[in-house]
Structure formats: C-alpha cells, structure tokens
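Right, one structure below, let's go through it.
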Amino acid sequence: MDKTPYRRVLLKLSGESFARAGERGISMDEVIHIARQTVQATARGIELAVVIGGGNILRGGSFTAGNTAIQQATAHYMGMLATVINGLALQDALESLGAQTRLMTAIRMDGVAEPYIRRRARRHLEKGRIVILAAGTGSPFVTTDTAAAQRALELGADILMKATRVDGVYSDDPEKNPHAMLFRDLTYHQVREQNLRVMDATAISQCMEHGMPILVFNYRREGNIERAVAGEKIGTLIGPRRASSADEAE
C-alpha cells in the first residue's frame, strides 16, 4: 500500500452530490458511489471526517426568497436538518460496505446521532471510524463550507478536500463557458482577488488565517477520492504558496 501524505482529512460533500444531476432528493446509487470511494480511500490508513451539505433537500439560504411566512433563521435550521437526513443515508451506505462510522450533529438529536463534541470526534477518528458531521455549526447564517473549515481546524486535519462535480477551480463556470481555464494551484489571495467561486469568503478567510490547504476536485471520476488522499496531483490546490505561471492554469 502506497503511503499517503495525510494523516487526517476533512472531506466536504455538497448535498447535490447525493442526487442525480439536475434532480433533488436522495439517490442511493449516488450515495453508494461516494461511499465506495470513501471506503477505498480510508483503506490507505487515513483518518476521515466528512461534512455534508443539504442542498439536495433544502437550501436554507434561498428558501425564504419570496416567502415571508418563514423567517430566515428558521429556514437555516431547516437546512441543517436536511444535512442530518443526508448523514443518515451516508452512514448506512458506508456501513453496508463494512466501514465503522459515527454520525455526529451540531444540533442535539440523541435518538439518531451523537452530539458533536470535539474531543469525542477526535477519539472516533483515532479508532479508525469515519466521522460524519451534520447540522453545520448548529447556528443559522453559516454555510456548510464554513462548517467544514471550522471542523477541519478543530479536528487538526492536514487538509480540507472539497468534492465537486467539476475538475477543480476554473476562471469561469465550465458548464457555461467551454473556454474557462482550470487552475491547478492558487493562493488564498488569488481566490479572493479574482472572486473565484470555491467556498464562501468566511471559509476561505479561516483557512488562510490558519494555513489550512484546500483541495477542490471532481468526486464523480471513479477513484478520485482515493487519488486525492494519496496526494496525486488532481483538481486545484489552494494554499499560501504562489502558483508558478507553468501550473497556475491550463
């Protein structure tokens, strides 16, 4: 088995990764696809925590658009509950493949998950369990991207990996602009200065302040989660180092 450069990884999955392209809800075929890749990645000996979004069910930040009956804070809490639903689906998918897991939530719901306690989460990771972190930070007006950055820092992860449907960070939306350039390396400052849509500004700022590297890659390519944890050069790596002109974009 090749040695991985990482000991502990925080993987951020969007809620949309749990549904077929263009659809809503949960497709267990998609969830199993992610789970299988995840189990293969942890077979390399890494400790893995997963933060999940809920946009396939409900996106709290946009739910109140044109709807005055529900307060924004309430909508955000509804979105957090959606991430727990996704967490339960991922937990069963992982365990059906033989993985040991723990689902932890930032909002207490003891009947279905453990409460998120940092020291307990770290202990689960040390014991080789995949820790699924749901309900964001437990507070409204905070995205799951920011939750992922916070958990990566809290848990002492070596890297934050964001799984997406495209090959990395582009100069423009590659699904709309076929001439968009794929960046291979970026600094935090480049992401902010060029207003690149990677993660929200708070998440980028937290990672920049503490030197947490971010890898953005395409989880839909079979084996890419394993390649990412193995340190292979895929996707876009964001960190403090300024990219050279040779590998900044392609």
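Residues are named by chain letter and number: chains run A, B, ... in the order of the structure tokens, numbers start at 1 in each chain, and ligands are numbered from 1 in the order shown.
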For A:Gly239, work out the shell of residues within 12 Å, counting only C-alpha atoms and skipping chain neighbours fewer than 6 positions away, then give it as a list in words. Ile159, Leu160, Arg184, Asp185, Leu186, Thr187, Tyr188, His189, Gln190, Val191, Ile204, Ser205, Gln206, Cys207, Met208, Glu209, His210, Gly211, Met212, Pro213, Ile214, Leu215 and Val216 of chain A
At a cut-off of 12 Å, using only C-alpha atoms, what residues contact A:Glu126? Leave out same-chain residues fewer than 6 positions from it and give the result as a PyMOL selection string. chain A and resi 7-8+45-49+119-120+155-156
Would you pick out the contacts of stretch 131-145 of chain A at 8 Å or less, using only C-alpha atoms, so that residues sharing its chain but fewer than 5 positions from it are not included, and give the list as number ranges by chain? A: 12, 48-53, 61, 73-74, 76-77, 79-84, 87, 91, 101-107, 116, 121, 124-125, 199-200, 203
Work out how far atom CA of A:Glu23 is from atom CA of A:Asn56, in Å to one decimal.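 Computing the Euclidean distance for atom CA of A:Asn56 and atom CA of A:Glu23 yields 7.7 Å.
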As a list in words, please: the residues near A:Gln40 (cut-off 10 Å, only C-alpha atoms, same-chain neighbours under 5 positions excluded).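 Residues meeting the cut-off are Ala35, Gly45, Gly223, Ile225, Glu226 and Arg227 of chain A.
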For the selection just defined, write its residues with C-alpha atoms to a file, as a short mmCIF file (atom, residue, chain, number, x, y, z; two decimals), in the first residue's frame.
data_model
loop_
_atom_site.label_atom_id
_atom_site.label_comp_id
_atom_site.auth_asym_id
_atom_site.auth_seq_id
_atom_site.Cartn_x
_atom_site.Cartn_y
_atom_site.Cartn_z
CA ALA A 35 -19.41 5.60 -0.01
CA GLY A 45 -4.91 4.29 6.68
CA GLY A 223 -11.27 6.62 -7.76
CA ILE A 225 -11.30 10.41 -3.62
CA GLU A 226 -8.62 7.75 -3.20
CA ARG A 227 -6.27 9.63 -5.55
#
Test item, strand (DSSP E or B) assignment across stretch 25-211 of chain A, answer as a VMD selection string: chain A and resid 47 to 52 101 to 105 114 to 115 130 to 134 159 to 164 169 to 170 182 to 183 185 to 187
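The smallest atom-to-atom distance between A:Met181 and any of A:Pro240, A:Gly168, A:Pro5, A:Gly15, using only C-alpha atoms, is found for A:Gly168.
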Contacts of A:Leu97 at 12 Å or less, counting only C-alpha atoms, minus same-chain residues fewer than 4 places along, as a PyMOL selection string? chain A and resi 31-40+90-93+101
What separates atom CA of A:Ala75 and atom CA of A:Phe18 is a distance of 20.5 Å
What is the distance, in Å and to one decimal place, between atom CA of A:Gln194 and atom CA of A:Val169? 11.5 Å
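Residues within 6 Å of A:Asp167, counting only C-alpha atoms and excluding same-chain residues fewer than 6 positions away, are Phe217, Asn218 and Gly235 of chain A.
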Mind dumping the selected residues with N, CA and C atoms as a PDB file, in the first residue's frame?
ATOM      1  N   PHE A 217     -11.725  19.059  -6.054  1.00  0.00           N
ATOM      2  CA  PHE A 217     -11.558  18.024  -7.071  1.00  0.00           C
ATOM      3  C   PHE A 217     -12.911  17.421  -7.449  1.00  0.00           C
ATOM      4  N   ASN A 218     -12.904  16.648  -8.525  1.00  0.00           N
ATOM      5  CA  ASN A 218     -14.119  16.037  -9.068  1.00  0.00           C
ATOM      6  C   ASN A 218     -14.304  14.637  -8.478  1.00  0.00           C
ATOM      7  N   GLY A 235      -7.272  17.985  -9.481  1.00  0.00           N
ATOM      8  CA  GLY A 235      -8.035  19.136  -9.016  1.00  0.00           C
ATOM      9  C   GLY A 235      -7.196  20.390  -8.865  1.00  0.00           C
TER      10      GLY A 235
END
